[in-house]
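S.K.: My structure file entry-v1.csv, CSV, C-alpha atoms, is below:
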chain,number,residue,atom,x,y,z
A,1,MET,CA,-30.5,-21.2,39.3
A,2,SER,CA,-27.9,-19.1,41.0
A,3,ASP,CA,-30.4,-18.3,43.7
A,4,TYR,CA,-30.6,-21.9,44.6
A,5,LEU,CA,-26.8,-22.2,44.5
A,6,ILE,CA,-26.5,-19.3,47.0
A,7,LEU,CA,-29.2,-20.9,49.1
A,8,ILE,CA,-27.3,-24.2,49.2
A,9,ILE,CA,-24.0,-22.6,50.0
A,10,SER,CA,-25.5,-20.5,52.7
A,11,CYS,CA,-27.3,-23.4,54.3
A,12,ILE,CA,-24.3,-25.7,54.3
A,13,PHE,CA,-21.5,-23.4,55.3
A,14,VAL,CA,-22.6,-19.9,56.3
A,15,ASN,CA,-25.6,-20.8,58.4
A,16,ASN,CA,-24.4,-24.3,59.3
A,17,ILE,CA,-27.1,-25.7,61.4
A,18,LEU,CA,-24.8,-27.2,64.1
A,19,LEU,CA,-22.1,-24.7,64.4
A,20,MET,CA,-23.8,-21.4,63.5
A,21,GLN,CA,-27.4,-21.9,64.5
A,22,TYR,CA,-26.7,-24.2,67.5
A,23,LEU,CA,-29.4,-26.7,66.6
A,24,GLY,CA,-29.0,-30.4,67.1
A,25,ASN,CA,-26.2,-30.3,69.6
A,26,CYS,CA,-27.3,-33.2,71.7
A,27,PRO,CA,-26.6,-35.9,69.0
A,28,PHE,CA,-23.6,-33.8,67.9
A,29,LEU,CA,-21.9,-34.5,71.2
A,30,GLY,CA,-23.6,-37.8,71.8
A,31,VAL,CA,-22.8,-39.8,68.7
A,32,SER,CA,-19.6,-38.2,67.6
A,33,LYS,CA,-17.2,-40.4,69.5
A,34,LYS,CA,-16.8,-42.9,66.7
A,35,MET,CA,-16.7,-42.2,63.0
A,36,GLU,CA,-19.0,-45.1,62.3
A,37,THR,CA,-21.9,-43.8,64.5
A,38,ALA,CA,-21.4,-40.3,63.2
A,39,THR,CA,-21.8,-41.3,59.6
A,40,GLY,CA,-24.9,-43.4,60.5
A,41,MET,CA,-26.5,-40.5,62.3
A,42,ALA,CA,-25.6,-38.1,59.4
A,43,MET,CA,-27.3,-40.3,56.9
A,44,ALA,CA,-30.4,-40.8,59.0
A,45,VAL,CA,-30.7,-37.0,59.5
A,46,ILE,CA,-30.3,-36.3,55.8
A,47,PHE,CA,-33.0,-39.0,55.1
A,48,VAL,CA,-35.5,-37.7,57.6
A,49,LEU,CA,-34.9,-34.0,57.4
A,50,VAL,CA,-35.7,-33.9,53.6
A,51,MET,CA,-38.9,-35.7,54.2
A,52,ALA,CA,-39.9,-33.8,57.3
A,53,GLY,CA,-39.0,-30.5,55.7
A,54,SER,CA,-41.3,-31.1,52.7
A,55,ILE,CA,-44.1,-32.7,54.7
A,56,THR,CA,-44.3,-29.9,57.3
A,57,TRP,CA,-44.2,-27.3,54.6
A,58,ILE,CA,-47.2,-29.0,52.9
A,59,VAL,CA,-49.1,-29.3,56.3
A,60,ASP,CA,-48.4,-25.7,57.2
A,61,ASN,CA,-49.4,-24.2,53.8
A,62,LEU,CA,-52.4,-26.4,53.0
A,63,LEU,CA,-53.8,-27.2,56.5
A,64,LEU,CA,-52.7,-24.7,59.1
A,65,LYS,CA,-52.6,-21.4,57.1
A,66,PRO,CA,-56.0,-21.7,55.3
A,67,PHE,CA,-57.8,-22.4,58.6
A,68,ASP,CA,-55.9,-19.9,60.7
A,69,LEU,CA,-54.5,-22.5,63.0
A,70,GLU,CA,-50.9,-21.2,63.1
A,71,TYR,CA,-50.9,-21.4,66.9
A,72,LEU,CA,-51.0,-25.2,66.6
A,73,ARG,CA,-47.8,-25.3,64.6
A,74,THR,CA,-45.5,-26.6,67.3
A,75,LEU,CA,-47.9,-29.4,68.3
A,76,THR,CA,-48.6,-30.4,64.7
A,77,PHE,CA,-44.9,-30.3,63.6
A,78,ILE,CA,-43.7,-32.4,66.4
A,79,MET,CA,-46.5,-34.9,65.8
A,80,VAL,CA,-45.7,-35.0,62.1
A,81,ILE,CA,-42.0,-35.6,62.8
A,82,ALA,CA,-42.6,-38.2,65.4
A,83,SER,CA,-45.0,-40.2,63.3
A,84,LEU,CA,-42.8,-39.8,60.2
A,85,VAL,CA,-39.8,-41.2,62.1
A,86,GLN,CA,-41.9,-44.1,63.3
A,87,PHE,CA,-43.2,-44.7,59.8
A,88,VAL,CA,-39.8,-44.6,58.2
A,89,GLU,CA,-38.5,-47.0,60.7
A,90,MET,CA,-41.2,-49.5,60.0
A,91,PHE,CA,-40.9,-49.1,56.3
A,92,LEU,CA,-37.1,-49.6,56.3
A,93,ARG,CA,-37.4,-52.6,58.6
A,94,LYS,CA,-39.8,-54.3,56.2
A,95,SER,CA,-38.5,-53.4,52.8
A,96,ILE,CA,-34.8,-52.3,53.0
A,97,PRO,CA,-33.3,-54.3,55.9
A,98,THR,CA,-29.7,-53.4,54.9
A,99,LEU,CA,-30.4,-49.7,55.2
A,100,TYR,CA,-32.3,-50.4,58.4
A,101,ALA,CA,-29.4,-52.2,59.9
A,102,GLY,CA,-27.3,-49.1,59.3
A,103,LEU,CA,-29.7,-46.4,60.4
A,104,GLY,CA,-31.9,-48.4,62.8
A,105,ILE,CA,-30.7,-47.2,66.2
A,106,PHE,CA,-30.4,-43.6,65.1
A,107,LEU,CA,-33.9,-43.2,63.9
A,108,PRO,CA,-35.7,-43.0,67.2
A,109,LEU,CA,-33.2,-40.4,68.4
A,110,ILE,CA,-34.1,-38.1,65.5
A,111,THR,CA,-37.5,-37.3,67.0
A,112,THR,CA,-35.9,-35.2,69.6
A,113,ASN,CA,-33.2,-33.8,67.4
A,114,CYS,CA,-33.9,-30.1,67.4
A,115,ALA,CA,-32.1,-29.7,64.0
A,116,VAL,CA,-35.1,-31.4,62.3
A,117,MET,CA,-37.8,-29.4,64.0
A,118,GLY,CA,-35.6,-26.2,63.7
A,119,VAL,CA,-35.2,-26.5,60.0
A,120,CYS,CA,-38.9,-27.1,59.5
A,121,LEU,CA,-39.6,-23.9,61.5
A,122,ILE,CA,-36.9,-21.9,59.6
A,123,ASN,CA,-38.5,-23.0,56.3
A,124,ILE,CA,-41.8,-21.5,57.4
A,125,MET,CA,-40.3,-18.4,59.0
A,126,GLU,CA,-38.3,-17.5,55.9
A,127,GLU,CA,-41.4,-18.0,53.8
A,128,TYR,CA,-39.7,-20.3,51.4
A,129,SER,CA,-41.5,-21.7,48.4
A,130,PHE,CA,-41.9,-25.5,48.3
A,131,ILE,CA,-38.8,-26.0,46.1
A,132,GLN,CA,-36.8,-23.7,48.2
A,133,ALA,CA,-37.9,-25.5,51.4
A,134,LEU,CA,-36.9,-28.8,49.9
A,135,VAL,CA,-33.5,-27.5,48.7
A,136,ALA,CA,-32.9,-25.8,52.1
A,137,SER,CA,-33.8,-28.9,54.1
A,138,PHE,CA,-31.4,-31.0,52.0
A,139,ALA,CA,-28.6,-28.4,52.3
A,140,TYR,CA,-29.1,-28.0,56.0
A,141,ALA,CA,-29.0,-31.8,56.4
A,142,ILE,CA,-25.7,-32.0,54.4
A,143,GLY,CA,-24.3,-29.2,56.5
A,144,PHE,CA,-25.2,-31.2,59.6
A,145,GLY,CA,-23.6,-34.3,58.2
A,146,LEU,CA,-20.5,-32.5,57.2
A,147,ALA,CA,-20.0,-30.9,60.6
A,148,LEU,CA,-20.8,-34.1,62.5
A,149,VAL,CA,-18.3,-36.2,60.4
A,150,LEU,CA,-15.6,-33.6,60.7
A,151,PHE,CA,-16.1,-33.4,64.4
A,152,ALA,CA,-16.1,-37.2,64.8
A,153,GLY,CA,-12.7,-37.2,63.0
A,154,LEU,CA,-11.3,-34.7,65.4
A,155,ARG,CA,-12.7,-36.5,68.5
A,156,GLU,CA,-11.1,-39.8,67.4
A,157,ARG,CA,-7.8,-37.9,67.4
A,158,ILE,CA,-8.4,-36.4,70.8
A,159,VAL,CA,-8.7,-39.8,72.3
A,160,LEU,CA,-5.0,-40.2,71.6
A,161,ALA,CA,-4.0,-36.9,73.2
A,162,ARG,CA,-3.3,-36.4,76.9
A,163,VAL,CA,-6.1,-34.2,78.1
A,164,PRO,CA,-6.1,-32.7,81.7
A,165,LYS,CA,-8.6,-34.7,83.9
A,166,PRO,CA,-11.3,-32.0,84.4
A,167,LEU,CA,-11.4,-31.2,80.8
A,168,GLN,CA,-11.9,-34.8,79.6
A,169,ASP,CA,-14.8,-36.0,77.5
A,170,THR,CA,-17.6,-33.5,77.0
A,171,SER,CA,-15.7,-30.6,78.1
A,172,ILE,CA,-12.8,-30.9,75.6
A,173,GLY,CA,-15.5,-31.9,73.1
A,174,LEU,CA,-17.2,-28.5,73.5
A,175,VAL,CA,-13.9,-26.6,73.2
A,176,THR,CA,-13.1,-28.6,70.0
A,177,ALA,CA,-16.6,-27.8,68.7
A,178,GLY,CA,-15.8,-24.1,69.4
A,179,MET,CA,-12.6,-24.3,67.3
A,180,LEU,CA,-14.5,-26.0,64.5
A,181,SER,CA,-17.2,-23.4,64.7
A,182,LEU,CA,-14.5,-20.7,64.5
A,183,ALA,CA,-13.3,-22.4,61.2
A,184,PHE,CA,-16.9,-22.2,59.8
A,185,PHE,CA,-17.0,-18.6,61.0
A,186,ALA,CA,-14.7,-17.8,58.2
A,187,PHE,CA,-17.5,-18.5,55.7
A,188,LYS,CA,-19.5,-15.6,57.1
A,189,GLY,CA,-19.8,-12.8,54.6
A,190,MET,CA,-19.4,-15.1,51.7
A,191,VAL,CA,-23.0,-14.9,50.7
B,1,MET,CA,-42.6,-37.6,101.9
B,2,ALA,CA,-41.7,-34.0,102.7
B,3,LYS,CA,-38.1,-34.8,103.1
B,4,THR,CA,-37.9,-36.7,99.8
B,5,ALA,CA,-39.5,-33.9,98.0
B,6,VAL,CA,-36.9,-31.5,99.3
B,7,GLN,CA,-34.2,-33.9,98.2
B,8,GLU,CA,-35.6,-34.2,94.7
B,9,PHE,CA,-35.7,-30.4,94.6
B,10,THR,CA,-32.1,-29.8,95.8
B,11,LYS,CA,-30.5,-32.5,93.6
B,12,GLY,CA,-31.4,-30.4,90.5
B,13,LEU,CA,-29.4,-27.5,91.9
B,14,TRP,CA,-26.0,-29.2,92.2
B,15,ALA,CA,-25.9,-33.0,92.0
B,16,GLU,CA,-27.7,-33.2,88.7
B,17,ILE,CA,-27.7,-29.6,87.5
B,18,PRO,CA,-28.4,-29.4,83.8
B,19,PRO,CA,-26.7,-28.9,81.4
B,20,PHE,CA,-23.5,-29.7,83.3
B,21,ARG,CA,-24.2,-32.9,85.1
B,22,LEU,CA,-26.8,-34.1,82.7
B,23,VAL,CA,-25.4,-33.1,79.3
B,24,LEU,CA,-28.8,-32.6,77.7
B,25,GLY,CA,-30.6,-29.7,76.1
B,26,LEU,CA,-27.5,-28.0,74.9
B,27,CYS,CA,-29.1,-26.1,72.0
B,28,PRO,CA,-30.9,-23.4,73.9
B,29,VAL,CA,-28.0,-23.2,76.3
B,30,LEU,CA,-25.6,-22.2,73.6
B,31,ALA,CA,-28.0,-20.2,71.5
B,32,VAL,CA,-29.8,-17.9,73.8
B,33,THR,CA,-27.1,-17.0,76.4
B,34,LYS,CA,-25.8,-13.9,74.6
B,35,THR,CA,-27.3,-11.9,77.5
B,36,VAL,CA,-28.4,-12.6,81.0
B,37,GLU,CA,-31.9,-11.5,80.2
B,38,ASN,CA,-32.4,-14.0,77.3
B,39,GLY,CA,-30.8,-16.8,79.3
B,40,VAL,CA,-33.0,-16.3,82.4
B,41,GLY,CA,-36.1,-15.8,80.2
B,42,MET,CA,-35.4,-19.1,78.4
B,43,GLY,CA,-34.8,-20.8,81.7
B,44,VAL,CA,-38.1,-19.6,83.2
B,45,ALA,CA,-40.0,-20.7,80.1
B,46,THR,CA,-38.4,-24.2,80.2
B,47,THR,CA,-39.0,-24.5,83.9
B,48,PHE,CA,-42.7,-23.8,83.4
B,49,VAL,CA,-43.0,-26.5,80.7
B,50,LEU,CA,-40.9,-28.9,82.8
B,51,VAL,CA,-43.0,-28.5,86.0
B,52,CYS,CA,-46.4,-28.6,84.2
B,53,SER,CA,-45.5,-31.6,82.0
B,54,ASN,CA,-43.9,-33.5,85.0
B,55,VAL,CA,-47.1,-33.0,87.1
B,56,LEU,CA,-49.4,-34.0,84.3
B,57,ILE,CA,-47.4,-37.0,83.2
B,58,SER,CA,-47.1,-38.1,86.8
B,59,LEU,CA,-50.9,-37.9,87.2
B,60,LEU,CA,-51.4,-39.9,83.9
B,61,ARG,CA,-48.6,-42.3,84.5
B,62,ASN,CA,-51.0,-45.3,85.1
B,63,ALA,CA,-53.2,-44.4,82.2
B,64,ILE,CA,-50.6,-44.1,79.5
B,65,PRO,CA,-49.8,-47.4,77.8
B,66,LYS,CA,-46.2,-48.4,77.9
B,67,LYS,CA,-45.8,-48.8,74.1
B,68,VAL,CA,-46.9,-45.4,73.1
B,69,ARG,CA,-45.6,-43.5,76.1
B,70,ILE,CA,-43.0,-41.4,74.2
B,71,ALA,CA,-45.7,-40.1,71.8
B,72,CYS,CA,-48.0,-39.3,74.7
B,73,PHE,CA,-45.2,-37.5,76.6
B,74,ILE,CA,-44.4,-35.4,73.5
B,75,ALA,CA,-48.1,-34.5,73.0
B,76,VAL,CA,-48.3,-33.3,76.7
B,77,ILE,CA,-45.0,-31.3,76.4
B,78,ALA,CA,-46.0,-29.8,73.0
B,79,THR,CA,-49.3,-28.6,74.6
B,80,PHE,CA,-47.5,-26.8,77.4
B,81,VAL,CA,-45.0,-25.3,74.9
B,82,THR,CA,-47.9,-23.9,73.0
B,83,VAL,CA,-49.2,-22.4,76.2
B,84,VAL,CA,-45.9,-20.8,76.9
B,85,GLU,CA,-45.7,-19.5,73.4
B,86,LEU,CA,-49.1,-17.8,73.6
B,87,LEU,CA,-48.4,-16.5,77.1
B,88,MET,CA,-45.1,-14.9,76.0
B,89,GLN,CA,-46.7,-13.4,73.0
B,90,ALA,CA,-49.3,-11.8,75.3
B,91,PHE,CA,-47.1,-10.7,78.2
B,92,ALA,CA,-43.4,-10.7,77.1
B,93,TYR,CA,-43.5,-9.9,73.4
B,94,PRO,CA,-40.0,-8.3,73.1
B,95,LEU,CA,-38.4,-11.4,74.8
B,96,PHE,CA,-40.5,-13.7,72.6
B,97,LEU,CA,-39.0,-12.0,69.5
B,98,LYS,CA,-35.5,-12.3,70.9
B,99,LEU,CA,-35.8,-16.0,71.7
B,100,GLY,CA,-37.6,-16.6,68.4
B,101,ILE,CA,-37.3,-20.1,67.2
B,102,PHE,CA,-36.1,-21.4,70.5
B,103,ILE,CA,-39.4,-21.1,72.2
B,104,PRO,CA,-41.2,-23.7,70.0
B,105,LEU,CA,-38.0,-25.8,70.2
B,106,ILE,CA,-38.5,-26.3,74.0
B,107,VAL,CA,-40.6,-29.2,72.8
B,108,VAL,CA,-37.5,-31.1,71.5
B,109,ASN,CA,-35.4,-30.1,74.5
B,110,CYS,CA,-34.1,-33.4,75.7
B,111,ILE,CA,-34.2,-32.3,79.4
B,112,VAL,CA,-38.0,-32.1,79.4
B,113,LEU,CA,-38.5,-35.4,77.7
B,114,GLY,CA,-35.7,-36.9,79.7
B,115,ARG,CA,-37.2,-36.0,83.1
B,116,ALA,CA,-40.7,-37.2,81.9
B,117,GLU,CA,-39.2,-40.6,80.9
B,118,ALA,CA,-36.8,-41.0,83.8
B,119,PHE,CA,-38.7,-39.5,86.7
B,120,ALA,CA,-42.3,-38.4,86.2
B,121,ALA,CA,-43.4,-41.6,84.6
B,122,LYS,CA,-42.3,-43.6,87.7
B,123,ASN,CA,-43.0,-41.3,90.6
B,124,LYS,CA,-45.9,-39.7,92.5
B,125,VAL,CA,-47.1,-36.1,91.8
B,126,VAL,CA,-45.3,-34.3,94.7
B,127,PRO,CA,-41.8,-35.6,94.0
B,128,SER,CA,-42.3,-35.0,90.3
B,129,LEU,CA,-43.3,-31.5,91.0
B,130,ALA,CA,-40.2,-31.0,93.2
B,131,ASP,CA,-38.0,-32.7,90.5
B,132,GLY,CA,-39.4,-30.4,87.8
B,133,LEU,CA,-38.9,-27.3,89.9
B,134,GLY,CA,-35.3,-28.3,91.0
B,135,ILE,CA,-34.1,-29.2,87.5
B,136,GLY,CA,-35.8,-26.2,86.0
B,137,LEU,CA,-34.2,-23.8,88.6
B,138,GLY,CA,-30.9,-25.5,88.0
B,139,PHE,CA,-31.3,-25.0,84.3
B,140,THR,CA,-32.2,-21.3,84.8
B,141,LEU,CA,-29.2,-20.7,87.0
B,142,SER,CA,-26.8,-22.3,84.5
B,143,LEU,CA,-28.3,-20.3,81.7
B,144,GLY,CA,-28.1,-17.1,83.8
B,145,ALA,CA,-24.4,-17.8,84.7
B,146,LEU,CA,-23.4,-18.6,81.2
B,147,GLY,CA,-25.3,-15.6,80.0
B,148,ALA,CA,-23.6,-13.3,82.6
B,149,ILE,CA,-20.1,-14.5,81.6
B,150,ARG,CA,-20.8,-14.1,77.9
B,151,GLU,CA,-22.5,-10.7,78.3
B,152,ILE,CA,-19.9,-9.2,80.6
B,153,LEU,CA,-16.9,-10.3,78.5
B,154,GLY,CA,-18.5,-10.1,75.1
B,155,SER,CA,-20.2,-6.7,75.3
B,156,GLY,CA,-19.0,-5.3,78.7
B,157,MET,CA,-22.5,-5.1,80.0
B,158,PHE,CA,-24.6,-6.8,82.6
B,159,TYR,CA,-28.4,-6.9,82.2
B,160,GLY,CA,-28.0,-4.1,79.6
B,161,LYS,CA,-25.9,-1.8,81.8
B,162,PRO,CA,-22.2,-1.2,81.2
B,163,VAL,CA,-20.0,-2.6,84.0
B,164,PHE,CA,-16.6,-1.5,82.9
B,165,GLY,CA,-15.4,2.0,82.1
B,166,PRO,CA,-15.5,3.3,78.5
B,167,SER,CA,-12.0,2.1,77.9
B,168,PHE,CA,-13.1,-1.5,78.0
B,169,GLU,CA,-12.7,-3.2,74.6
B,170,PRO,CA,-15.5,-5.9,74.3
B,171,PHE,CA,-14.3,-9.4,73.7
B,172,GLY,CA,-16.5,-10.0,70.6
B,173,PHE,CA,-15.6,-13.7,70.3
B,174,MET,CA,-17.7,-14.4,73.4
B,175,VAL,CA,-21.0,-13.4,71.9
B,176,GLN,CA,-20.5,-15.3,68.7
B,177,ALA,CA,-21.1,-19.0,68.2
B,178,PRO,CA,-17.5,-20.3,68.8
B,179,GLY,CA,-17.4,-18.4,72.1
B,180,ALA,CA,-20.5,-20.2,73.2
B,181,PHE,CA,-19.0,-23.6,72.7
B,182,VAL,CA,-15.7,-22.7,74.3
B,183,CYS,CA,-17.2,-20.9,77.2
B,184,LEU,CA,-19.6,-23.8,78.0
B,185,GLY,CA,-16.7,-26.3,77.7
B,186,LEU,CA,-14.5,-24.3,80.1
B,187,MET,CA,-17.5,-23.9,82.6
B,188,LEU,CA,-17.9,-27.7,82.5
B,189,CYS,CA,-14.2,-28.1,83.2
B,190,VAL,CA,-14.5,-25.8,86.3
B,191,MET,CA,-17.6,-27.7,87.5
B,192,ASN,CA,-15.6,-31.0,87.1
B,193,MET,CA,-12.7,-29.5,89.1
B,194,LEU,CA,-15.0,-28.4,91.9
B,195,GLY,CA,-17.4,-31.3,92.0
B,196,LYS,CA,-15.2,-34.4,91.7
B,197,LYS,CA,-15.3,-36.2,95.0
Could you take the file, read its structure, and then write that structure out as C-alpha cells?
M.R.:
Amino acid sequence: MSDYLILIISCIFVNNILLMQYLGNCPFLGVSKKMETATGMAMAVIFVLVMAGSITWIVDNLLLKPFDLEYLRTLTFIMVIASLVQFVEMFLRKSIPTLYAGLGIFLPLITTNCAVMGVCLINIMEEYSFIQALVASFAYAIGFGLALVLFAGLRERIVLARVPKPLQDTSIGLVTAGMLSLAFFAFKGMV
Amino acid sequence: MAKTAVQEFTKGLWAEIPPFRLVLGLCPVLAVTKTVENGVGMGVATTFVLVCSNVLISLLRNAIPKKVRIACFIAVIATFVTVVELLMQAFAYPLFLKLGIFIPLIVVNCIVLGRAEAFAAKNKVVPSLADGLGIGLGFTLSLGALGAIREILGSGMFYGKPVFGPSFEPFGFMVQAPGAFVCLGLMLCVMNMLGKK
C-alpha cells in the first residue's frame, strides 16, 4: 500500500508531468488564459489519460511484446490514442451530452498532447505492472490538472498587472511557469 | 517557382521561426536543451521527420479524404518517427539514450502536424519541401541557441568543453526545469524586442 502512496506522491508532485518532465506544454500555455478552459482541459486529460495509460499497457504487453514488435510502439500508441480520443468523443456526444458540452472542444486537442503519449511511454519504460501503470497514469493526470489550474489562476492575475510590452503574453507566461516550476522543485528529494 | 521555394525556406528562419514565432512544440524545446549537442541532435531529428512527412503528405494531398486527414497525417508522421528512431539506434546510440523518450514524442510535436495541416496539405511538393527544411532549420537553430545559453551558464561548458576558467561557479538553476522556462521566456522577450516592426 505504501508503495502506491509513494508512487502517487512522486507522480503528482516530485515528477510533475508539466513542470518537471516538460510534457504537455502546448496546452499548458494554450488553454491557461482562463480558469474555465483550464479546468475543462484538466478534466479531459484525466479522463483520457487513465484510459490511454491502461489500454496502451495492455496492447504493449499482450500484443507487441509476445510478437517482438516493439519497434512499432510509437506507431501503435499514437494510433491507439487517436482512435481512443475519437471514440470517447463519439460516446460522450451520444450518451452523456452534459459532459460532452464541458469537455467537447478539448478532446481533439488531446491527441497531440505529449503528456498522454509521454505517460504511456513512461509506464512501459519503468516496467510498471498493470495496477501500477493505472495508478501512475491517474496520478500524472492529477498532477497535470493541478499544475494547469494553478497556472491559470496565476495568469488571470497577470492580466491585471502592467507587463512591459516585449514580455507580454507567452513570454511572461513562460517566466511565470518557471516560477511555478521552482515551487514544485521544492518537492524534490521528498520521495 | 524557384523564387517562391526560396521564400518558403527563408520564412522559417526568421519570420515564422519556431518555437518563437509559432509557439508550438515546446516540450522538446524545454526538455532537451540542457546542452548544445542534445538540442541540435533533437533539431536534426525533427527536421528529418518534418521534411519527409511534408513531402509525402504533399504528394498524397489529393488522395487523402478530408474527413480522416488528421489520422492519415499522424500515420505518416509516426512512420517517419519510427524510421528516425531505428536510424538513431543504429548510428547515434549515445545521443538516442540521452534524448530518450523525446524521440518517439516527435510524433506528437505540434510543429510537424501543424505544418502538415497548414502547409503541405495545400501546396505542391517543392514548396512543401522548402517549407519543411526552413522550419526544421529554424527549429534546430532555436534549440541550439537555447542549448548554448543554458549549457554555458548552467555548467560553464560549450559542446562539452569548459569555456570559463576554473574559478567559474556554474549557475545550476539554468540546467534545471525552472531555468528552462525562464530562459525561453526571456529569449522570447528579446525576439519580440528585435522583431516588432
S.K.: For segment 110-118 of chain A, work out the shell of residues within 9 Å, counting all atoms listed in the file and skipping chain neighbours fewer than 6 positions away, then give it as JSON, numbers by chain.
M.R.: {"A": [17, 18, 22, 23, 24, 25, 26, 27, 41, 44, 45, 48, 49, 52, 53, 74, 77, 78, 81, 82, 83, 84, 85, 86, 137, 140, 141, 144], "B": [27, 101, 102, 104, 105, 106, 107, 108, 109, 110, 113]}
S.K.: Can you measure atom CA of Glu151 of chain B to atom CA of Val175 of chain B for me? One decimal in Å is fine.
M.R.: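 Between these atoms lies a distance of 7.1 Å.
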S.K.: Which is closest to chain A among B:Gly39, B:Pro166, B:Gly154, B:Pro28, if we use all atoms listed in the file?
M.R.: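 Nearest to chain A: B:Pro28.
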S.K.: Quote the spacing between atom CA of Leu30 of chain B and atom CA of Ala180 of chain B in Å to one decimal place.
M.R.: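 If I compute the distance from atom CA of Leu30 of chain B to atom CA of Ala180 of chain B, I get 5.5 Å.
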S.K.: Check which residues of chain B sit at most 6 Å from chain A using all atoms listed in the file, and return one row each with the closest pair of atoms and their distance in Å to one decimal, ordered by chain and rising number, as a Markdown table.
M.R.:
| residue | atom | partner | partner_atom | distance |
| --- | --- | --- | --- | --- |
| B:Leu26 | CA | A:Asn25 | CA | 5.9 |
| B:Cys27 | CA | A:Leu23 | CA | 5.4 |
| B:Ala31 | CA | A:Tyr22 | CA | 5.8 |
| B:Ala78 | CA | A:Leu75 | CA | 5.1 |
| B:Pro104 | CA | A:Thr74 | CA | 5.8 |
| B:Val108 | CA | A:Thr112 | CA | 4.8 |
| B:Ala177 | CA | A:Met20 | CA | 5.9 |
| B:Pro178 | CA | A:Gly178 | CA | 4.2 |
| B:Phe181 | CA | A:Gly178 | CA | 4.6 |
| B:Val182 | CA | A:Val175 | CA | 4.4 |
| B:Gly185 | CA | A:Ser171 | CA | 4.4 |
| B:Leu188 | CA | A:Ser171 | CA | 5.7 |
| B:Cys189 | CA | A:Leu167 | CA | 4.8 |
| B:Asn192 | CA | A:Pro166 | CA | 5.2 |
| B:Met193 | CA | A:Pro166 | CA | 5.5 |
S.K.: From the options B:Val40, B:Ala5, B:Val23, B:Ala71, which residue's atoms come nearest to Pro108 of chain A, counting all atoms listed in the file?
M.R.: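 Using all atoms listed in the file, the shortest distance to Pro108 of chain A belongs to B:Ala71.
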S.K.: Calculate how many Å separate atom CA of Phe96 of chain B from atom CA of Phe173 of chain B, rounding to one decimal.
M.R.: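 Going from atom CA of Phe96 of chain B over to atom CA of Phe173 of chain B covers 25.0 Å.
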S.K.: Please identify all polymer residues lying at most 12 Å from the point (-18.1, -12.8, 77.7) (file coordinates), using only C-alpha atoms, and present the result as an mmCIF file with C-alpha atoms, in the frame of the given file.
M.R.:
data_model
loop_
_atom_site.group_PDB
_atom_site.id
_atom_site.type_symbol
_atom_site.label_atom_id
_atom_site.label_comp_id
_atom_site.auth_asym_id
_atom_site.auth_seq_id
_atom_site.Cartn_x
_atom_site.Cartn_y
_atom_site.Cartn_z
ATOM 1 C CA THR B 33 -27.100 -17.000 76.400
ATOM 2 C CA LYS B 34 -25.800 -13.900 74.600
ATOM 3 C CA THR B 35 -27.300 -11.900 77.500
ATOM 4 C CA VAL B 36 -28.400 -12.600 81.000
ATOM 5 C CA ALA B 145 -24.400 -17.800 84.700
ATOM 6 C CA LEU B 146 -23.400 -18.600 81.200
ATOM 7 C CA GLY B 147 -25.300 -15.600 80.000
ATOM 8 C CA ALA B 148 -23.600 -13.300 82.600
ATOM 9 C CA ILE B 149 -20.100 -14.500 81.600
ATOM 10 C CA ARG B 150 -20.800 -14.100 77.900
ATOM 11 C CA GLU B 151 -22.500 -10.700 78.300
ATOM 12 C CA ILE B 152 -19.900 -9.200 80.600
ATOM 13 C CA LEU B 153 -16.900 -10.300 78.500
ATOM 14 C CA GLY B 154 -18.500 -10.100 75.100
ATOM 15 C CA SER B 155 -20.200 -6.700 75.300
ATOM 16 C CA GLY B 156 -19.000 -5.300 78.700
ATOM 17 C CA MET B 157 -22.500 -5.100 80.000
ATOM 18 C CA PHE B 158 -24.600 -6.800 82.600
ATOM 19 C CA GLU B 169 -12.700 -3.200 74.600
ATOM 20 C CA PRO B 170 -15.500 -5.900 74.300
ATOM 21 C CA PHE B 171 -14.300 -9.400 73.700
ATOM 22 C CA GLY B 172 -16.500 -10.000 70.600
ATOM 23 C CA PHE B 173 -15.600 -13.700 70.300
ATOM 24 C CA MET B 174 -17.700 -14.400 73.400
ATOM 25 C CA VAL B 175 -21.000 -13.400 71.900
ATOM 26 C CA GLN B 176 -20.500 -15.300 68.700
ATOM 27 C CA ALA B 177 -21.100 -19.000 68.200
ATOM 28 C CA PRO B 178 -17.500 -20.300 68.800
ATOM 29 C CA GLY B 179 -17.400 -18.400 72.100
ATOM 30 C CA ALA B 180 -20.500 -20.200 73.200
ATOM 31 C CA PHE B 181 -19.000 -23.600 72.700
ATOM 32 C CA VAL B 182 -15.700 -22.700 74.300
ATOM 33 C CA CYS B 183 -17.200 -20.900 77.200
ATOM 34 C CA LEU B 184 -19.600 -23.800 78.000
#
S.K.: For Ile55 of chain A, work out the shell of residues within 9 Å, counting all atoms listed in the file and skipping chain neighbours fewer than 5 positions away, then give it as a list in words.
M.R.: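 Skipping anything fewer than 5 positions along the chain leaves Val50, Asp60, Val80 and Ile81 of chain A.
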S.K.: When you count all atoms listed in the file, which of these residues is closest to Leu133 of chain B: B:Val32, B:Leu60, B:Val84, B:Val112?
M.R.: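 For Leu133 of chain B, the nearest of the candidates is B:Val112.
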S.K.: Skip Leu146 of chain A itself and residues of its chain fewer than 6 positions away, then list as a PDB file with C-alpha atoms, keeping the file's coordinate frame all residues within 10 Å of it, counting all atoms listed in the file.
M.R.:
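Produced file result_23.pdb, reproduced below:
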ATOM      1  CA  ILE A  12     -24.300 -25.700  54.300  1.00  0.00           C
ATOM      2  CA  PHE A  13     -21.500 -23.400  55.300  1.00  0.00           C
ATOM      3  CA  ASN A  16     -24.400 -24.300  59.300  1.00  0.00           C
ATOM      4  CA  LEU A  18     -24.800 -27.200  64.100  1.00  0.00           C
ATOM      5  CA  ALA A  38     -21.400 -40.300  63.200  1.00  0.00           C
ATOM      6  CA  THR A  39     -21.800 -41.300  59.600  1.00  0.00           C
ATOM      7  CA  ALA A  42     -25.600 -38.100  59.400  1.00  0.00           C
ATOM      8  CA  TYR A 140     -29.100 -28.000  56.000  1.00  0.00           C
ATOM      9  CA  ALA A 152     -16.100 -37.200  64.800  1.00  0.00           C
TER      10      ALA A 152
END
S.K.: Can you list, as a PDB file with C-alpha atoms, keeping the file's coordinate frame, every protein, DNA or RNA residue that comes within 8 Å of Ile46 of chain A when you count all atoms listed in the file, leaving out same-chain residues fewer than 5 positions away?
M.R.:
ATOM      1  CA  PHE A 138     -31.400 -31.000  52.000  1.00  0.00           C
ATOM      2  CA  ALA A 141     -29.000 -31.800  56.400  1.00  0.00           C
ATOM      3  CA  ILE A 142     -25.700 -32.000  54.400  1.00  0.00           C
ATOM      4  CA  GLY A 145     -23.600 -34.300  58.200  1.00  0.00           C
TER       5      GLY A 145
END
